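These notes concern the structure reproduced below.
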Number of protein chains: 2
Amino acid sequence: MATIITLDDPGDPRADDYRDLTSADRRPDRPGGRGLVIAEGVVVVRRMIDSPYPVRSLLGVRRRIDELATDLAGLAVPAYATDAPTMAEVVGFHLNRGVLAVADRAAPPDPAALVRDARLVAVLEGVNDHENLGALFRNAAALGVDAVLLGPRCSDPLYRRSVRVSMGHVLRVPFTELPGPWPASLDVLRAAGLRVAALTPAADAVPITASGLQGERVALLLGAEGPGLSDEALAAADLRVRIPMATGVDSLNVATAAAVAFHAVGSVVG
Amino acid sequence: MATIITLDDPGDPRADDYRDLTSADRRPDRPGGRGLVIAEGVVVVRRMIDSPYPVRSLLGVRRRIDELATDLAGLAVPAYATDAPTMAEVVGFHLNRGVLAVADRAAPPDPAALVRDARLVAVLEGVNDHENLGALFRNAAALGVDAVLLGPRCSDPLYRRSVRVSMGHVLRVPFTELPGPWPASLDVLRAAGLRVAALTPAADAVPITASGLQGERVALLLGAEGPGLSDEALAAADLRVRIPMATGVDSLNVATAAAVAFHAVGSVVG
């Protein structure tokens, strides 16, 4: 059972993990920005407690801490109960969601182990917008993606805003960086028996529903909205697939395109 | 050709359509909030110029006005060229995108005429989040939705934030309110020969890819994230379809679920 401790002094050093979160986001080298993982709100805090990330503590208004009583039963960490003004002073802004939890990072999984039995893997190149990245993880969790591999120029999925937008699903879908020279590093996927399909708006790519990928084990390569995948990444794929789109419309948001593609490949059956 | 007029006094009454936009959003009855449609940024302003909405004027920094020269060639309205500080004082905040256009509303199309030859229609119930609504229109434009019908409790797609998030596609995809008692009003769709399919996470609904809707003329009923469709709307549909999802995951964002469904129904072929 978590120990509930009343905290009424905003200067209390036990709240340091939560201090000035906005500045900490900008300066991961500073206290509070030491690469800790922050969960905001009851739903996301619950997912963090259920995740492999080792929770350090909670900080919240009493009502939210009480709401988490069942979740806290098996957790031997302090839960600091405070009021909204004290909390606002600690974190540096008013937090609607009323409760935070902080965890250490977990050791990243080995890419080869991660993809060995995967049915559907998302491989990202240059997805550097925190909200898009979070939304992509939410969609990945819903649509049966077994793992996410981060290629070059992606942002950190454990950044606070990504965790929030993902509704905590970045803590649930296993991910890791893909090491080695890009895109030769994609060979780890082929070695595991996955077909590597690049998603692109290019007119000469195969419509994804006609690609024969349904029921296959697939690694789906996704690039950022705007630039899309690099020529090297496109050339390294086994095939190029597209989502048919109306003429004159910009590409979909990357997280939305990913959702359409995840569904089209049909990992979740039921 | 639009007349380019230099405007250097933030109090100039010719800029009244753009005044205090944030307050105007909250008070559509006030000057500047008279139900005018506001486009922000070069891409969206361009879409407004190409739309059926009658443009009243533009206001922007000189560089952005110049960028729109070709688009302005056939447009007999004033384009007020100013500098960033004057513009910020007029609109009430600093506007990154550097150019605005304002249009009057257009008369809403007749629902029966709108759906007569439509291949794919989206019908919304309770979609009252401006960002979700905007994103939904963007996805509708990309994935071949011919018309959007607004059922009860939807917000206004022409609200400034929706226009922006849609990237201007609310000005492109025809929409109107569905009049009459809900959900009996859905009969207008059946009368036009469309099958009415409700999208729901319910486990006993048919997976959308197994629904036989591919290639059919379809009206897709969509409810808000969270509450979803009302029981009345679900009961009024010809069939209920779902997107298979991993267990333990909340439903997708409504705009994302809509995109997956639009694609699955396969309106855009190619």
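Labeling convention for the structure tokens: chains A, B, ... as they appear, residues from 1 per chain, ligands from 1 in order of appearance.
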Where in stretch 133-233 of chain B does DSSP assign strand (DSSP E), given as a compact mmCIF listing (two decimals) with all heavy atoms, in the first residue's frame?
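Output file out_29.txt is given in full below:
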```
# COMPACT_ATOMS: atom_id res chain seq x y z
N ALA B 147 -20.29 14.65 -48.31
CA ALA B 147 -21.06 15.62 -47.54
C ALA B 147 -21.05 15.23 -46.07
O ALA B 147 -20.92 14.05 -45.73
CB ALA B 147 -22.50 15.67 -48.04
N VAL B 148 -21.17 16.24 -45.21
CA VAL B 148 -21.30 16.00 -43.77
C VAL B 148 -22.64 16.56 -43.33
O VAL B 148 -22.98 17.70 -43.66
CB VAL B 148 -20.15 16.68 -43.00
CG1 VAL B 148 -20.34 16.52 -41.49
CG2 VAL B 148 -18.79 16.12 -43.42
N LEU B 149 -23.41 15.76 -42.61
CA LEU B 149 -24.67 16.24 -42.04
C LEU B 149 -24.51 16.34 -40.53
O LEU B 149 -24.01 15.41 -39.88
CB LEU B 149 -25.81 15.28 -42.38
CG LEU B 149 -26.19 15.18 -43.86
CD1 LEU B 149 -27.40 14.25 -44.03
CD2 LEU B 149 -26.52 16.55 -44.43
N LEU B 150 -24.95 17.46 -39.98
CA LEU B 150 -24.82 17.69 -38.54
C LEU B 150 -26.13 17.34 -37.85
O LEU B 150 -27.15 18.00 -38.07
CB LEU B 150 -24.46 19.14 -38.26
CG LEU B 150 -23.21 19.67 -38.99
CD1 LEU B 150 -23.07 21.17 -38.75
CD2 LEU B 150 -21.96 18.95 -38.52
N PHE B 175 -21.48 20.83 -46.08
CA PHE B 175 -22.15 20.33 -44.87
C PHE B 175 -23.40 21.15 -44.60
O PHE B 175 -23.54 22.28 -45.09
CB PHE B 175 -21.22 20.36 -43.66
CG PHE B 175 -20.93 21.75 -43.16
CD1 PHE B 175 -21.75 22.34 -42.21
CD2 PHE B 175 -19.84 22.47 -43.64
CE1 PHE B 175 -21.50 23.63 -41.75
CE2 PHE B 175 -19.58 23.76 -43.18
CZ PHE B 175 -20.41 24.34 -42.25
N THR B 176 -24.30 20.58 -43.83
CA THR B 176 -25.47 21.32 -43.39
C THR B 176 -26.07 20.63 -42.18
O THR B 176 -25.73 19.49 -41.87
CB THR B 176 -26.52 21.45 -44.52
OG1 THR B 176 -27.52 22.40 -44.13
CG2 THR B 176 -27.21 20.12 -44.80
N GLU B 177 -26.94 21.32 -41.49
CA GLU B 177 -27.64 20.68 -40.39
C GLU B 177 -28.75 19.80 -40.94
O GLU B 177 -29.38 20.12 -41.94
CB GLU B 177 -28.24 21.73 -39.45
CG GLU B 177 -27.17 22.37 -38.59
CD GLU B 177 -27.74 23.30 -37.53
OE1 GLU B 177 -28.89 23.08 -37.09
OE2 GLU B 177 -27.03 24.25 -37.18
N ARG B 195 -27.21 3.41 -47.46
CA ARG B 195 -27.34 2.56 -46.27
C ARG B 195 -26.80 3.33 -45.08
O ARG B 195 -25.73 3.94 -45.16
CB ARG B 195 -26.56 1.27 -46.44
CG ARG B 195 -27.15 0.38 -47.53
CD ARG B 195 -26.51 -0.99 -47.51
NE ARG B 195 -26.96 -1.77 -46.36
CZ ARG B 195 -26.38 -2.91 -45.97
NH1 ARG B 195 -25.32 -3.36 -46.61
NH2 ARG B 195 -26.84 -3.58 -44.92
N VAL B 196 -27.53 3.28 -43.98
CA VAL B 196 -27.14 4.04 -42.78
C VAL B 196 -26.43 3.09 -41.82
O VAL B 196 -27.04 2.19 -41.24
CB VAL B 196 -28.36 4.69 -42.11
CG1 VAL B 196 -27.93 5.45 -40.86
CG2 VAL B 196 -29.08 5.62 -43.09
N ALA B 197 -25.12 3.30 -41.64
CA ALA B 197 -24.31 2.42 -40.79
C ALA B 197 -23.81 3.21 -39.59
O ALA B 197 -23.22 4.28 -39.75
CB ALA B 197 -23.12 1.88 -41.58
N ALA B 198 -24.06 2.70 -38.38
CA ALA B 198 -23.59 3.37 -37.17
C ALA B 198 -22.26 2.79 -36.75
O ALA B 198 -22.10 1.57 -36.66
CB ALA B 198 -24.62 3.17 -36.05
N LEU B 199 -21.28 3.66 -36.48
CA LEU B 199 -19.97 3.21 -36.00
C LEU B 199 -20.00 3.19 -34.48
O LEU B 199 -20.30 4.19 -33.83
CB LEU B 199 -18.86 4.14 -36.50
CG LEU B 199 -17.44 3.67 -36.21
CD1 LEU B 199 -17.09 2.43 -37.03
CD2 LEU B 199 -16.43 4.78 -36.52
N VAL B 206 -20.73 -5.51 -36.37
CA VAL B 206 -19.97 -6.22 -37.40
C VAL B 206 -18.64 -5.50 -37.65
O VAL B 206 -18.64 -4.27 -37.82
CB VAL B 206 -20.76 -6.21 -38.73
CG1 VAL B 206 -20.10 -7.11 -39.76
CG2 VAL B 206 -22.20 -6.62 -38.50
N PRO B 207 -17.52 -6.21 -37.73
CA PRO B 207 -16.27 -5.53 -38.13
C PRO B 207 -16.49 -4.83 -39.48
O PRO B 207 -17.07 -5.44 -40.39
CB PRO B 207 -15.26 -6.67 -38.26
CG PRO B 207 -15.79 -7.74 -37.36
CD PRO B 207 -17.29 -7.63 -37.42
N VAL B 218 -23.03 4.84 -48.75
CA VAL B 218 -23.11 4.69 -47.30
C VAL B 218 -23.24 6.04 -46.60
O VAL B 218 -22.57 7.01 -46.97
CB VAL B 218 -21.84 3.98 -46.76
CG1 VAL B 218 -21.88 3.85 -45.24
CG2 VAL B 218 -21.67 2.61 -47.41
N ALA B 219 -24.10 6.09 -45.58
CA ALA B 219 -24.09 7.20 -44.62
C ALA B 219 -23.56 6.64 -43.32
O ALA B 219 -24.13 5.70 -42.76
CB ALA B 219 -25.50 7.75 -44.42
N LEU B 220 -22.45 7.19 -42.86
CA LEU B 220 -21.80 6.68 -41.67
C LEU B 220 -22.14 7.58 -40.48
O LEU B 220 -21.81 8.76 -40.48
CB LEU B 220 -20.28 6.67 -41.92
CG LEU B 220 -19.43 5.78 -41.05
CD1 LEU B 220 -19.75 4.30 -41.24
CD2 LEU B 220 -17.97 6.03 -41.40
N LEU B 221 -22.81 6.99 -39.50
CA LEU B 221 -23.19 7.73 -38.29
C LEU B 221 -22.05 7.71 -37.28
O LEU B 221 -21.59 6.63 -36.89
CB LEU B 221 -24.37 7.01 -37.62
CG LEU B 221 -25.77 7.36 -38.03
CD1 LEU B 221 -26.76 6.52 -37.22
CD2 LEU B 221 -26.00 8.84 -37.72
N LEU B 222 -21.65 8.90 -36.81
CA LEU B 222 -20.52 8.99 -35.88
C LEU B 222 -20.91 9.79 -34.65
O LEU B 222 -21.46 10.88 -34.76
CB LEU B 222 -19.35 9.70 -36.59
CG LEU B 222 -18.82 9.03 -37.86
CD1 LEU B 222 -18.03 10.01 -38.70
CD2 LEU B 222 -17.97 7.83 -37.49
N GLY B 223 -20.60 9.27 -33.47
CA GLY B 223 -20.87 9.98 -32.23
C GLY B 223 -19.59 10.51 -31.61
O GLY B 223 -18.50 10.24 -32.09
```
Residues within 7 Å of stretch 69-86 of chain A, only C-alpha atoms, excluding chain neighbours under 6 positions, as JSON, numbers by chain: {"A": [1, 2, 3, 4, 5, 6, 7, 8, 10, 46, 56, 57, 58, 59, 60, 61, 62]}
Show me which bits of chain A are within 6 Å of chain B, counting only C-alpha atoms, as a list of chain:residue names.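 Using only C-alpha atoms, chain A residues at most 6 Å from chain B: A:Ala142, A:Leu143, A:Gly144, A:Pro244, A:Met245, A:Ala246, A:Val249, A:Thr256, A:Val260, A:Val268, A:Gly270.
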Report as a VMD selection string all protein, DNA and RNA residues lying within 10 Å of B:Pro181, evaluated on only C-alpha atoms, omitting residues in the same chain fewer than 5 positions from it. chain B and resid 151 to 152 186
For A:Ala205: contacts at 6 Å, only C-alpha atoms, fewer than 3 positions along chain excluded, given as a PDB file with all heavy atoms, in the first residue's frame:
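Full text of result-v7.pdb as output:
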```
ATOM      1  N   ALA A 202       2.881   8.561 -52.564  1.00  0.00           N
ATOM      2  CA  ALA A 202       3.291   8.490 -53.976  1.00  0.00           C
ATOM      3  C   ALA A 202       2.262   7.726 -54.810  1.00  0.00           C
ATOM      4  O   ALA A 202       1.804   6.650 -54.427  1.00  0.00           O
ATOM      5  CB  ALA A 202       4.660   7.818 -54.091  1.00  0.00           C
ATOM      6  N   ARG A 240       6.072  -0.452 -51.309  1.00  0.00           N
ATOM      7  CA  ARG A 240       5.565   0.871 -50.941  1.00  0.00           C
ATOM      8  C   ARG A 240       4.057   0.832 -51.065  1.00  0.00           C
ATOM      9  O   ARG A 240       3.523   0.425 -52.104  1.00  0.00           O
ATOM     10  CB  ARG A 240       6.176   1.945 -51.847  1.00  0.00           C
ATOM     11  CG  ARG A 240       7.701   2.065 -51.644  1.00  0.00           C
ATOM     12  CD  ARG A 240       8.302   3.138 -52.549  1.00  0.00           C
ATOM     13  NE  ARG A 240       7.935   2.891 -53.937  1.00  0.00           N
ATOM     14  CZ  ARG A 240       7.361   3.785 -54.733  1.00  0.00           C
ATOM     15  NH1 ARG A 240       7.128   5.003 -54.290  1.00  0.00           N
ATOM     16  NH2 ARG A 240       7.036   3.477 -55.960  1.00  0.00           N
ATOM     17  N   VAL A 241       3.376   1.253 -49.997  1.00  0.00           N
ATOM     18  CA  VAL A 241       1.909   1.216 -49.995  1.00  0.00           C
ATOM     19  C   VAL A 241       1.374   2.625 -49.755  1.00  0.00           C
ATOM     20  O   VAL A 241       2.049   3.481 -49.188  1.00  0.00           O
ATOM     21  CB  VAL A 241       1.369   0.251 -48.915  1.00  0.00           C
ATOM     22  CG1 VAL A 241       1.794  -1.184 -49.213  1.00  0.00           C
ATOM     23  CG2 VAL A 241       1.810   0.656 -47.514  1.00  0.00           C
ATOM     24  N   ARG A 242       0.136   2.859 -50.212  1.00  0.00           N
ATOM     25  CA  ARG A 242      -0.451   4.175 -50.008  1.00  0.00           C
ATOM     26  C   ARG A 242      -1.914   4.050 -49.610  1.00  0.00           C
ATOM     27  O   ARG A 242      -2.554   3.015 -49.832  1.00  0.00           O
ATOM     28  CB  ARG A 242      -0.338   5.025 -51.276  1.00  0.00           C
ATOM     29  CG  ARG A 242      -1.177   4.529 -52.430  1.00  0.00           C
ATOM     30  CD  ARG A 242      -0.952   5.385 -53.680  1.00  0.00           C
ATOM     31  NE  ARG A 242      -1.480   4.716 -54.844  1.00  0.00           N
ATOM     32  CZ  ARG A 242      -2.762   4.821 -55.260  1.00  0.00           C
ATOM     33  NH1 ARG A 242      -3.610   5.595 -54.600  1.00  0.00           N
ATOM     34  NH2 ARG A 242      -3.175   4.158 -56.318  1.00  0.00           N
TER      35      ARG A 242
END
```
Kindly indicate which residue among B:Ala235, B:Ala184, B:Val42, B:Val90 lies nearest to B:Ser23, using only C-alpha atoms for the distances.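 Nearest candidate to B:Ser23 out of B:Ala235, B:Ala184, B:Val42, B:Val90: B:Val90.
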Selection near A:Glu232, 10 Å with only C-alpha atoms, sequence-local residues under 2 positions removed, as a count of residues only: 9
Hey, can you check how far atom CA of B:Asp50 sits from atom CA of B:Val163? 14.3 Å
Pick out each residue of stretch 44-108 of chain B that DSSP on the backbone tags as helix (DSSP H, G or I); I need them as a short mmCIF file (atom, residue, chain, number, x, y, z; two decimals) with N, CA, C and O atoms, in the first residue's frame.
```cif
data_model
loop_
_atom_site.label_atom_id
_atom_site.label_comp_id
_atom_site.auth_asym_id
_atom_site.auth_seq_id
_atom_site.Cartn_x
_atom_site.Cartn_y
_atom_site.Cartn_z
N VAL B 44 -4.85 28.12 -45.66
CA VAL B 44 -6.29 28.15 -45.39
C VAL B 44 -6.95 29.34 -46.09
O VAL B 44 -8.07 29.22 -46.61
N VAL B 45 -6.26 30.48 -46.13
CA VAL B 45 -6.79 31.64 -46.85
C VAL B 45 -7.00 31.28 -48.33
O VAL B 45 -8.03 31.61 -48.93
N ARG B 46 -6.04 30.56 -48.88
CA ARG B 46 -6.15 30.12 -50.27
C ARG B 46 -7.41 29.25 -50.45
O ARG B 46 -8.15 29.42 -51.40
N ARG B 47 -7.64 28.35 -49.52
CA ARG B 47 -8.84 27.48 -49.62
C ARG B 47 -10.12 28.30 -49.49
O ARG B 47 -11.12 28.00 -50.12
N MET B 48 -10.06 29.35 -48.65
CA MET B 48 -11.25 30.20 -48.52
C MET B 48 -11.53 30.91 -49.84
O MET B 48 -12.68 31.00 -50.27
N ILE B 49 -10.48 31.40 -50.49
CA ILE B 49 -10.66 32.09 -51.77
C ILE B 49 -11.27 31.15 -52.80
O ILE B 49 -12.12 31.55 -53.61
N ARG B 62 2.85 42.23 -45.08
CA ARG B 62 3.10 42.42 -46.50
C ARG B 62 3.62 41.14 -47.19
O ARG B 62 3.17 40.76 -48.26
N ARG B 63 4.53 40.44 -46.51
CA ARG B 63 5.14 39.26 -47.11
C ARG B 63 4.09 38.20 -47.44
O ARG B 63 4.15 37.54 -48.47
N ARG B 64 3.13 38.03 -46.54
CA ARG B 64 2.10 37.00 -46.77
C ARG B 64 1.10 37.44 -47.84
O ARG B 64 0.64 36.63 -48.64
N ILE B 65 0.77 38.73 -47.84
CA ILE B 65 -0.12 39.25 -48.88
C ILE B 65 0.53 39.03 -50.26
O ILE B 65 -0.12 38.57 -51.20
N ASP B 66 1.84 39.31 -50.31
CA ASP B 66 2.55 39.13 -51.58
C ASP B 66 2.53 37.66 -52.02
O ASP B 66 2.38 37.36 -53.20
N GLU B 67 2.66 36.77 -51.06
CA GLU B 67 2.65 35.34 -51.35
C GLU B 67 1.33 34.90 -52.01
O GLU B 67 1.28 33.90 -52.72
N ALA B 69 -0.43 36.69 -54.12
CA ALA B 69 -0.72 37.57 -55.27
C ALA B 69 -1.54 36.86 -56.35
O ALA B 69 -2.56 37.40 -56.82
N THR B 70 -1.15 35.66 -56.73
CA THR B 70 -1.87 34.94 -57.79
C THR B 70 -3.31 34.66 -57.38
O THR B 70 -4.24 34.81 -58.18
N ASP B 71 -3.49 34.27 -56.12
CA ASP B 71 -4.84 33.95 -55.63
C ASP B 71 -5.71 35.20 -55.60
O ASP B 71 -6.94 35.12 -55.77
N LEU B 72 -5.10 36.35 -55.37
CA LEU B 72 -5.86 37.58 -55.24
C LEU B 72 -6.22 38.19 -56.60
O LEU B 72 -7.05 39.11 -56.66
N ALA B 84 3.43 43.21 -38.24
CA ALA B 84 3.06 42.24 -37.21
C ALA B 84 2.55 42.89 -35.92
O ALA B 84 1.53 42.44 -35.37
N PRO B 85 3.21 43.96 -35.40
CA PRO B 85 2.69 44.56 -34.15
C PRO B 85 1.29 45.15 -34.31
O PRO B 85 0.44 44.97 -33.44
N THR B 86 1.01 45.83 -35.42
CA THR B 86 -0.32 46.39 -35.65
C THR B 86 -1.35 45.26 -35.73
O THR B 86 -2.43 45.32 -35.13
N MET B 87 -0.98 44.23 -36.44
CA MET B 87 -1.88 43.09 -36.60
C MET B 87 -2.19 42.46 -35.24
O MET B 87 -3.35 42.13 -34.94
N ALA B 88 -1.14 42.30 -34.41
CA ALA B 88 -1.33 41.71 -33.08
C ALA B 88 -2.27 42.59 -32.26
O ALA B 88 -3.11 42.08 -31.49
N GLU B 89 -2.16 43.92 -32.40
CA GLU B 89 -3.01 44.80 -31.62
C GLU B 89 -4.47 44.70 -32.08
O GLU B 89 -5.38 44.72 -31.26
N VAL B 90 -4.68 44.54 -33.36
CA VAL B 90 -6.04 44.39 -33.87
C VAL B 90 -6.67 43.08 -33.39
O VAL B 90 -7.73 43.07 -32.79
N VAL B 91 -5.99 41.97 -33.65
CA VAL B 91 -6.62 40.67 -33.37
C VAL B 91 -6.53 40.29 -31.90
O VAL B 91 -7.27 39.43 -31.44
#
```
As a ChimeraX atom specification, please: the residues near stretch 36-41 of chain A (cut-off 8 Å, only C-alpha atoms, same-chain neighbours under 3 positions excluded). /A:17,32-33,44-45,48,97-105,158-160,163-164,168
Measure the distance from atom CA of A:Pro52 to atom CA of A:Pro108 in Å and round it to one decimal.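 Separation between atom CA of A:Pro52 and atom CA of A:Pro108: 10.7 Å.
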